[in-house]
>>> print(open('start29.pdb').read())   # PDB, C-alpha atoms, pLDDT in the B column
ATOM      1  CA  MET X   1     -53.303   6.140  67.753  1.00 64.00           C
ATOM      2  CA  LYS X   2     -50.195   6.123  65.552  1.00 64.00           C
ATOM      3  CA  LYS X   3     -51.663   8.946  63.459  1.00 62.00           C
ATOM      4  CA  THR X   4     -52.244  11.066  66.569  1.00 64.00           C
ATOM      5  CA  ILE X   5     -48.674  10.554  67.789  1.00 65.00           C
ATOM      6  CA  LEU X   6     -47.262  11.279  64.326  1.00 54.00           C
ATOM      7  CA  PHE X   7     -49.399  14.411  63.951  1.00 56.00           C
ATOM      8  CA  SER X   8     -48.386  15.616  67.431  1.00 59.00           C
ATOM      9  CA  ALA X   9     -44.694  15.068  66.682  1.00 58.00           C
ATOM     10  CA  MET X  10     -44.989  16.988  63.393  1.00 62.00           C
ATOM     11  CA  PHE X  11     -46.846  19.828  65.122  1.00 62.00           C
ATOM     12  CA  LEU X  12     -44.257  20.108  67.890  1.00 63.00           C
ATOM     13  CA  GLY X  13     -41.445  19.938  65.341  1.00 64.00           C
ATOM     14  CA  SER X  14     -42.931  22.830  63.369  1.00 66.00           C
ATOM     15  CA  LEU X  15     -43.281  24.905  66.567  1.00 60.00           C
ATOM     16  CA  ILE X  16     -39.637  24.319  67.472  1.00 64.00           C
ATOM     17  CA  SER X  17     -38.537  25.182  63.928  1.00 58.00           C
ATOM     18  CA  ALA X  18     -40.584  28.401  63.924  1.00 54.00           C
ATOM     19  CA  GLN X  19     -39.155  29.387  67.305  1.00 52.00           C
ATOM     20  CA  LYS X  20     -35.571  29.040  66.066  1.00 51.00           C
ATOM     21  CA  GLN X  21     -36.252  31.280  63.056  1.00 52.00           C
ATOM     22  CA  ALA X  22     -37.877  34.125  65.003  1.00 51.00           C
ATOM     23  CA  PRO X  23     -35.579  37.160  65.219  1.00 54.00           C
ATOM     24  CA  VAL X  24     -34.202  38.016  68.619  1.00 57.00           C
ATOM     25  CA  LEU X  25     -35.071  41.523  69.824  1.00 57.00           C
ATOM     26  CA  GLY X  26     -31.861  43.551  69.790  1.00 58.00           C
ATOM     27  CA  GLY X  27     -30.124  40.852  67.806  1.00 73.00           C
ATOM     28  CA  ASP X  28     -29.202  43.234  64.997  1.00 81.00           C
ATOM     29  CA  ARG X  29     -25.931  44.530  66.407  1.00 88.00           C
ATOM     30  CA  ASP X  30     -23.472  45.916  63.879  1.00 87.00           C
ATOM     31  CA  VAL X  31     -19.700  45.371  63.933  1.00 89.00           C
ATOM     32  CA  HIS X  32     -19.374  48.026  66.668  1.00 89.00           C
ATOM     33  CA  GLY X  33     -22.104  46.494  68.842  1.00 92.00           C
ATOM     34  CA  CYS X  34     -24.684  49.201  68.027  1.00 93.00           C
ATOM     35  CA  ILE X  35     -28.318  48.051  67.914  1.00 93.00           C
ATOM     36  CA  GLY X  36     -29.859  49.495  64.742  1.00 88.00           C
ATOM     37  CA  SER X  37     -33.456  48.562  65.655  1.00 90.00           C
ATOM     38  CA  ALA X  38     -33.126  50.729  68.777  1.00 91.00           C
ATOM     39  CA  GLY X  39     -31.942  53.670  66.663  1.00 89.00           C
ATOM     40  CA  TYR X  40     -28.255  53.383  67.504  1.00 92.00           C
ATOM     41  CA  THR X  41     -25.469  54.034  65.022  1.00 92.00           C
ATOM     42  CA  TYR X  42     -21.732  54.194  65.520  1.00 94.00           C
ATOM     43  CA  SER X  43     -20.060  57.594  65.934  1.00 95.00           C
ATOM     44  CA  GLN X  44     -16.450  57.712  64.751  1.00 94.00           C
ATOM     45  CA  LEU X  45     -15.737  60.886  66.734  1.00 96.00           C
ATOM     46  CA  LYS X  46     -17.294  59.684  69.992  1.00 96.00           C
ATOM     47  CA  ASN X  47     -16.103  56.112  69.466  1.00 95.00           C
ATOM     48  CA  SER X  48     -19.435  54.835  70.770  1.00 95.00           C
ATOM     49  CA  CYS X  49     -23.018  54.088  69.786  1.00 96.00           C
ATOM     50  CA  ILE X  50     -25.367  57.097  69.617  1.00 95.00           C
ATOM     51  CA  GLN X  51     -28.925  57.867  68.615  1.00 94.00           C
ATOM     52  CA  THR X  52     -28.745  60.543  65.918  1.00 91.00           C
ATOM     53  CA  PHE X  53     -32.277  61.765  66.668  1.00 92.00           C
ATOM     54  CA  ASN X  54     -31.158  62.670  70.219  1.00 94.00           C
ATOM     55  CA  GLN X  55     -28.269  64.920  69.095  1.00 94.00           C
ATOM     56  CA  LYS X  56     -28.398  68.687  69.624  1.00 95.00           C
ATOM     57  CA  ILE X  57     -27.744  69.643  66.000  1.00 96.00           C
ATOM     58  CA  LYS X  58     -30.189  68.141  63.512  1.00 95.00           C
ATOM     59  CA  LEU X  59     -30.832  69.315  59.964  1.00 95.00           C
ATOM     60  CA  LYS X  60     -33.702  68.566  57.586  1.00 92.00           C
ATOM     61  CA  GLU X  61     -33.335  67.426  54.029  1.00 91.00           C
ATOM     62  CA  VAL X  62     -33.892  70.100  51.373  1.00 91.00           C
ATOM     63  CA  ASN X  63     -35.688  69.572  48.035  1.00 80.00           C
ATOM     64  CA  SER X  64     -36.378  65.894  48.456  1.00 71.00           C
ATOM     65  CA  ASP X  65     -38.252  64.139  45.653  1.00 75.00           C
ATOM     66  CA  LYS X  66     -39.282  61.424  48.118  1.00 73.00           C
ATOM     67  CA  SER X  67     -42.614  61.272  49.910  1.00 75.00           C
ATOM     68  CA  TYR X  68     -40.828  61.832  53.223  1.00 75.00           C
ATOM     69  CA  THR X  69     -38.173  64.172  54.570  1.00 74.00           C
ATOM     70  CA  SER X  70     -35.102  62.712  56.210  1.00 84.00           C
ATOM     71  CA  MET X  71     -32.861  64.352  58.743  1.00 89.00           C
ATOM     72  CA  THR X  72     -29.219  64.248  59.644  1.00 92.00           C
ATOM     73  CA  ALA X  73     -27.292  64.997  62.803  1.00 95.00           C
ATOM     74  CA  ILE X  74     -23.948  66.697  63.316  1.00 97.00           C
ATOM     75  CA  ILE X  75     -21.421  66.065  66.086  1.00 97.00           C
ATOM     76  CA  PHE X  76     -18.324  68.208  66.614  1.00 97.00           C
ATOM     77  CA  THR X  77     -15.096  67.460  68.436  1.00 96.00           C
ATOM     78  CA  LYS X  78     -14.514  69.666  71.497  1.00 95.00           C
ATOM     79  CA  ASP X  79     -11.973  71.781  69.598  1.00 95.00           C
ATOM     80  CA  MET X  80     -14.481  72.141  66.672  1.00 95.00           C
ATOM     81  CA  LYS X  81     -11.828  71.003  64.159  1.00 96.00           C
ATOM     82  CA  LYS X  82     -13.829  67.975  63.031  1.00 97.00           C
ATOM     83  CA  ALA X  83     -17.501  67.428  62.358  1.00 97.00           C
ATOM     84  CA  GLU X  84     -19.224  64.093  61.906  1.00 97.00           C
ATOM     85  CA  VAL X  85     -22.256  64.157  59.637  1.00 96.00           C
ATOM     86  CA  PHE X  86     -24.566  61.155  59.566  1.00 94.00           C
ATOM     87  CA  ILE X  87     -25.222  60.904  55.829  1.00 84.00           C
ATOM     88  CA  PRO X  88     -24.853  57.397  54.472  1.00 66.00           C
ATOM     89  CA  ASP X  89     -22.374  57.537  51.591  1.00 62.00           C
ATOM     90  CA  GLY X  90     -21.588  54.117  50.214  1.00 61.00           C
ATOM     91  CA  ALA X  91     -20.599  51.740  53.010  1.00 64.00           C
ATOM     92  CA  ALA X  92     -20.110  54.561  55.547  1.00 70.00           C
ATOM     93  CA  LYS X  93     -22.852  55.568  57.991  1.00 85.00           C
ATOM     94  CA  SER X  94     -21.224  58.943  58.610  1.00 91.00           C
ATOM     95  CA  ILE X  95     -18.691  61.288  57.068  1.00 93.00           C
ATOM     96  CA  ILE X  96     -15.923  63.145  58.887  1.00 94.00           C
ATOM     97  CA  LEU X  97     -15.453  66.751  57.772  1.00 96.00           C
ATOM     98  CA  ASN X  98     -12.337  68.761  58.682  1.00 96.00           C
ATOM     99  CA  LYS X  99     -12.216  72.458  59.483  1.00 95.00           C
ATOM    100  CA  GLU X 100     -10.539  74.632  56.881  1.00 81.00           C
ATOM    101  CA  GLY X 101      -8.311  77.373  58.354  1.00 85.00           C
ATOM    102  CA  LYS X 102      -9.791  79.890  60.770  1.00 88.00           C
ATOM    103  CA  GLU X 103     -13.148  80.101  58.995  1.00 88.00           C
ATOM    104  CA  LYS X 104     -16.090  78.018  60.138  1.00 91.00           C
ATOM    105  CA  ILE X 105     -16.094  75.718  57.119  1.00 95.00           C
ATOM    106  CA  TRP X 106     -15.703  71.949  57.319  1.00 97.00           C
ATOM    107  CA  LYS X 107     -14.950  69.902  54.192  1.00 95.00           C
ATOM    108  CA  SER X 108     -14.731  66.241  53.305  1.00 91.00           C
ATOM    109  CA  GLY X 109     -11.392  64.710  52.428  1.00 80.00           C
ATOM    110  CA  SER X 110     -10.353  63.735  48.930  1.00 73.00           C
ATOM    111  CA  HIS X 111     -10.981  60.041  49.731  1.00 70.00           C
ATOM    112  CA  ILE X 112     -14.748  60.690  49.568  1.00 69.00           C
ATOM    113  CA  LYS X 113     -16.167  60.407  46.041  1.00 75.00           C
ATOM    114  CA  ASP X 114     -18.473  63.419  46.523  1.00 82.00           C
ATOM    115  CA  SER X 115     -17.540  66.806  47.952  1.00 91.00           C
ATOM    116  CA  TYR X 116     -19.302  67.683  51.232  1.00 93.00           C
ATOM    117  CA  VAL X 117     -19.135  71.127  52.871  1.00 96.00           C
ATOM    118  CA  LEU X 118     -20.619  72.166  56.206  1.00 97.00           C
ATOM    119  CA  THR X 119     -21.095  75.899  56.879  1.00 96.00           C
ATOM    120  CA  PRO X 120     -22.999  78.002  59.404  1.00 96.00           C
ATOM    121  CA  TYR X 121     -26.468  79.025  58.213  1.00 96.00           C
ATOM    122  CA  LYS X 122     -28.711  81.396  60.174  1.00 94.00           C
ATOM    123  CA  LYS X 123     -28.578  79.993  63.729  1.00 93.00           C
ATOM    124  CA  SER X 124     -27.698  76.490  62.586  1.00 95.00           C
ATOM    125  CA  TYR X 125     -25.782  74.890  59.701  1.00 97.00           C
ATOM    126  CA  LYS X 126     -26.205  73.745  56.124  1.00 97.00           C
ATOM    127  CA  ILE X 127     -24.591  70.885  54.247  1.00 96.00           C
ATOM    128  CA  LYS X 128     -23.730  70.993  50.562  1.00 95.00           C
ATOM    129  CA  LYS X 129     -22.974  67.979  48.424  1.00 93.00           C
ATOM    130  CA  ASN X 130     -21.148  68.880  45.210  1.00 92.00           C
ATOM    131  CA  ASP X 131     -22.175  72.569  45.654  1.00 92.00           C
ATOM    132  CA  GLU X 132     -25.886  71.766  46.145  1.00 94.00           C
ATOM    133  CA  VAL X 133     -27.543  72.322  49.540  1.00 95.00           C
ATOM    134  CA  ILE X 134     -28.913  68.981  50.729  1.00 93.00           C
ATOM    135  CA  TYR X 135     -29.582  69.670  54.439  1.00 94.00           C
ATOM    136  CA  GLN X 136     -30.218  72.825  56.452  1.00 93.00           C
TER     137      GLN X 136
END
>>> encode(input="start29.pdb", output="structure tokens")
Amino acid sequence: MKKTILFSAMFLGSLISAQKQAPVLGGDRDVHGCIGSAGYTYSQLKNSCIQTFNQKIKLKEVNSDKSYTSMTAIIFTKDMKKAEVFIPDGAAKSIILNKEGKEKIWKSGSHIKDSYVLTPYKKSYKIKKNDEVIYQ
């Protein structure tokens, strides 16, 4: 009888322990409250959580040596002076590019270790990193 009670207590204890360790769905919010497992990432320009795969402007990776092709999304401010590109670079999830003069060219600031340039290409855009096209 004592063995049965002891075994039952151990079994229930292991169930409770396993339940506490199970991840909570949607429990992976980042510092901005965006749920990564639902495809949300923080947009600096929109100041809210967005799903990059639902954005109007999406570009595919060029010349990837990986077994898959990734994509990026671009968001512009209403005045088109800033563009946010969702390319992870270090700790950042996106990079803000600023429009140069009257031409349709957006460039990264000097605080970014690599040089990013966004330009129109055919009926879309292309992104260069250090003078090499990485997305179009």
>>> closest_residue(input="start29.pdb", among="X:Glu61, X:Asp79, X:Asp30, X:Asp114", to="X:Lys99", atoms="only C-alpha atoms")
X:Asp79
>>> closest_residue(input="start29.pdb", among="X:Ala73, X:Ile50, X:Leu59, X:Leu45", to="X:Lys126", atoms="all atoms listed in the file")
X:Leu59
>>> atom_distance(input="start29.pdb", atom1="atom CA of X:Asn54", atom2="atom CA of X:Asn130")
27.6 Å
>>> resolve_selection(input="start29.pdb", expression="the PyMOL selection byres ((chain X and resi 123) around 12)", output="VMD selection string")
chain X and resid 57 to 59 119 to 122 124 to 126 136
>>> resolve_selection(input="start29.pdb", expression="the PyMOL selection byres ((chain X and resi 74) around 9)", output="PDB file with C-alpha atoms, in the frame of the given file")
ATOM      1  CA  THR X  52     -28.745  60.543  65.918  1.00 91.00           C
ATOM      2  CA  GLN X  55     -28.269  64.920  69.095  1.00 94.00           C
ATOM      3  CA  LYS X  56     -28.398  68.687  69.624  1.00 95.00           C
ATOM      4  CA  ILE X  57     -27.744  69.643  66.000  1.00 96.00           C
ATOM      5  CA  LYS X  58     -30.189  68.141  63.512  1.00 95.00           C
ATOM      6  CA  LEU X  59     -30.832  69.315  59.964  1.00 95.00           C
ATOM      7  CA  THR X  72     -29.219  64.248  59.644  1.00 92.00           C
ATOM      8  CA  ALA X  73     -27.292  64.997  62.803  1.00 95.00           C
ATOM      9  CA  ILE X  75     -21.421  66.065  66.086  1.00 97.00           C
ATOM     10  CA  PHE X  76     -18.324  68.208  66.614  1.00 97.00           C
ATOM     11  CA  ALA X  83     -17.501  67.428  62.358  1.00 97.00           C
ATOM     12  CA  GLU X  84     -19.224  64.093  61.906  1.00 97.00           C
ATOM     13  CA  VAL X  85     -22.256  64.157  59.637  1.00 96.00           C
ATOM     14  CA  PHE X  86     -24.566  61.155  59.566  1.00 94.00           C
TER      15      PHE X  86
END
>>> residues_around(input="start29.pdb", residues="stretch 92-96 of chain X", least_positions_apart="2", cutoff="8 Å", atoms="all atoms listed in the file", output="PyMOL selection string")
chain X and resi 41-44+82-90+98+108
>>> resolve_selection(input="start29.pdb", expression="the PyMOL selection byres ((chain X and resi 36) around 12)", output="count of residues only")
22
>>> atom_distance(input="start29.pdb", atom1="atom CA of X:Asp131", atom2="atom CA of X:Val117")
8.0 Å
>>> atom_distance(input="start29.pdb", atom1="atom CA of X:Met71", atom2="atom CA of X:Lys113")
21.3 Å
>>> decode(input="start29.pdb", residues="stretch 83-115 of chain X", atoms="N, CA and C atoms", output="compact mmCIF listing (two decimals), in the first residue's frame")
# COMPACT_ATOMS: atom_id res chain seq x y z
N ALA X 83 13.17 54.33 -45.50
CA ALA X 83 12.76 52.97 -45.81
C ALA X 83 13.26 52.06 -44.70
N GLU X 84 12.43 51.13 -44.28
CA GLU X 84 12.84 50.14 -43.30
C GLU X 84 12.95 48.80 -44.01
N VAL X 85 14.14 48.21 -43.91
CA VAL X 85 14.42 46.94 -44.55
C VAL X 85 14.64 45.90 -43.46
N PHE X 86 13.95 44.79 -43.56
CA PHE X 86 14.00 43.76 -42.52
C PHE X 86 15.09 42.73 -42.81
N ILE X 87 16.33 43.19 -42.65
CA ILE X 87 17.52 42.34 -42.78
C ILE X 87 18.20 42.34 -41.43
N PRO X 88 18.23 41.21 -40.76
CA PRO X 88 18.92 41.19 -39.47
C PRO X 88 20.39 41.54 -39.64
N ASP X 89 20.87 42.52 -38.93
CA ASP X 89 22.27 42.95 -38.98
C ASP X 89 22.73 43.15 -37.54
N GLY X 90 23.38 42.15 -37.01
CA GLY X 90 23.78 42.21 -35.60
C GLY X 90 22.57 42.04 -34.71
N ALA X 91 22.37 42.94 -33.77
CA ALA X 91 21.26 42.85 -32.83
C ALA X 91 19.96 43.39 -33.44
N ALA X 92 20.06 44.15 -34.53
CA ALA X 92 18.88 44.78 -35.13
C ALA X 92 18.10 43.78 -35.98
N LYS X 93 16.78 43.91 -35.97
CA LYS X 93 15.91 43.09 -36.82
C LYS X 93 15.63 43.80 -38.14
N SER X 94 15.85 45.11 -38.16
CA SER X 94 15.64 45.88 -39.39
C SER X 94 16.63 47.03 -39.43
N ILE X 95 16.77 47.60 -40.63
CA ILE X 95 17.68 48.71 -40.85
C ILE X 95 16.90 49.86 -41.46
N ILE X 96 17.13 51.06 -40.96
CA ILE X 96 16.49 52.25 -41.52
C ILE X 96 17.44 52.87 -42.55
N LEU X 97 16.91 53.07 -43.76
CA LEU X 97 17.67 53.70 -44.83
C LEU X 97 17.07 55.08 -45.09
N ASN X 98 17.89 56.07 -45.36
CA ASN X 98 17.44 57.44 -45.59
C ASN X 98 17.62 57.81 -47.05
N LYS X 99 16.65 58.56 -47.57
CA LYS X 99 16.68 58.98 -48.96
C LYS X 99 17.77 60.02 -49.18
N GLU X 100 18.49 59.86 -50.27
CA GLU X 100 19.57 60.76 -50.63
C GLU X 100 19.07 61.74 -51.68
N GLY X 101 18.98 63.01 -51.37
CA GLY X 101 18.60 64.04 -52.34
C GLY X 101 17.26 63.80 -53.00
N LYS X 102 17.17 64.17 -54.28
CA LYS X 102 15.92 64.03 -55.02
C LYS X 102 15.83 62.70 -55.76
N GLU X 103 16.96 61.98 -55.83
CA GLU X 103 16.95 60.68 -56.48
C GLU X 103 16.26 59.65 -55.59
N LYS X 104 15.85 58.55 -56.20
CA LYS X 104 15.21 57.48 -55.44
C LYS X 104 16.28 56.49 -55.01
N ILE X 105 17.12 56.93 -54.07
CA ILE X 105 18.17 56.09 -53.51
C ILE X 105 18.12 56.27 -51.99
N TRP X 106 18.05 55.16 -51.28
CA TRP X 106 18.06 55.18 -49.82
C TRP X 106 19.33 54.49 -49.35
N LYS X 107 20.01 55.10 -48.38
CA LYS X 107 21.27 54.55 -47.88
C LYS X 107 21.25 54.42 -46.36
N SER X 108 22.06 53.47 -45.88
CA SER X 108 22.19 53.31 -44.44
C SER X 108 23.11 54.38 -43.88
N GLY X 109 22.93 54.67 -42.60
CA GLY X 109 23.76 55.67 -41.94
C GLY X 109 25.14 55.13 -41.63
N SER X 110 26.01 55.98 -41.22
CA SER X 110 27.39 55.59 -40.93
C SER X 110 27.52 54.75 -39.66
N HIS X 111 26.44 54.70 -38.85
CA HIS X 111 26.48 53.90 -37.62
C HIS X 111 26.35 52.40 -37.89
N ILE X 112 25.97 52.04 -39.12
CA ILE X 112 25.85 50.63 -39.51
C ILE X 112 27.21 50.17 -40.03
N LYS X 113 27.66 49.00 -39.59
CA LYS X 113 29.00 48.54 -39.98
C LYS X 113 29.11 48.25 -41.47
N ASP X 114 28.03 47.81 -42.12
CA ASP X 114 28.03 47.56 -43.55
C ASP X 114 27.23 48.65 -44.26
N SER X 115 27.52 48.85 -45.52
CA SER X 115 26.83 49.87 -46.31
C SER X 115 25.66 49.22 -47.06
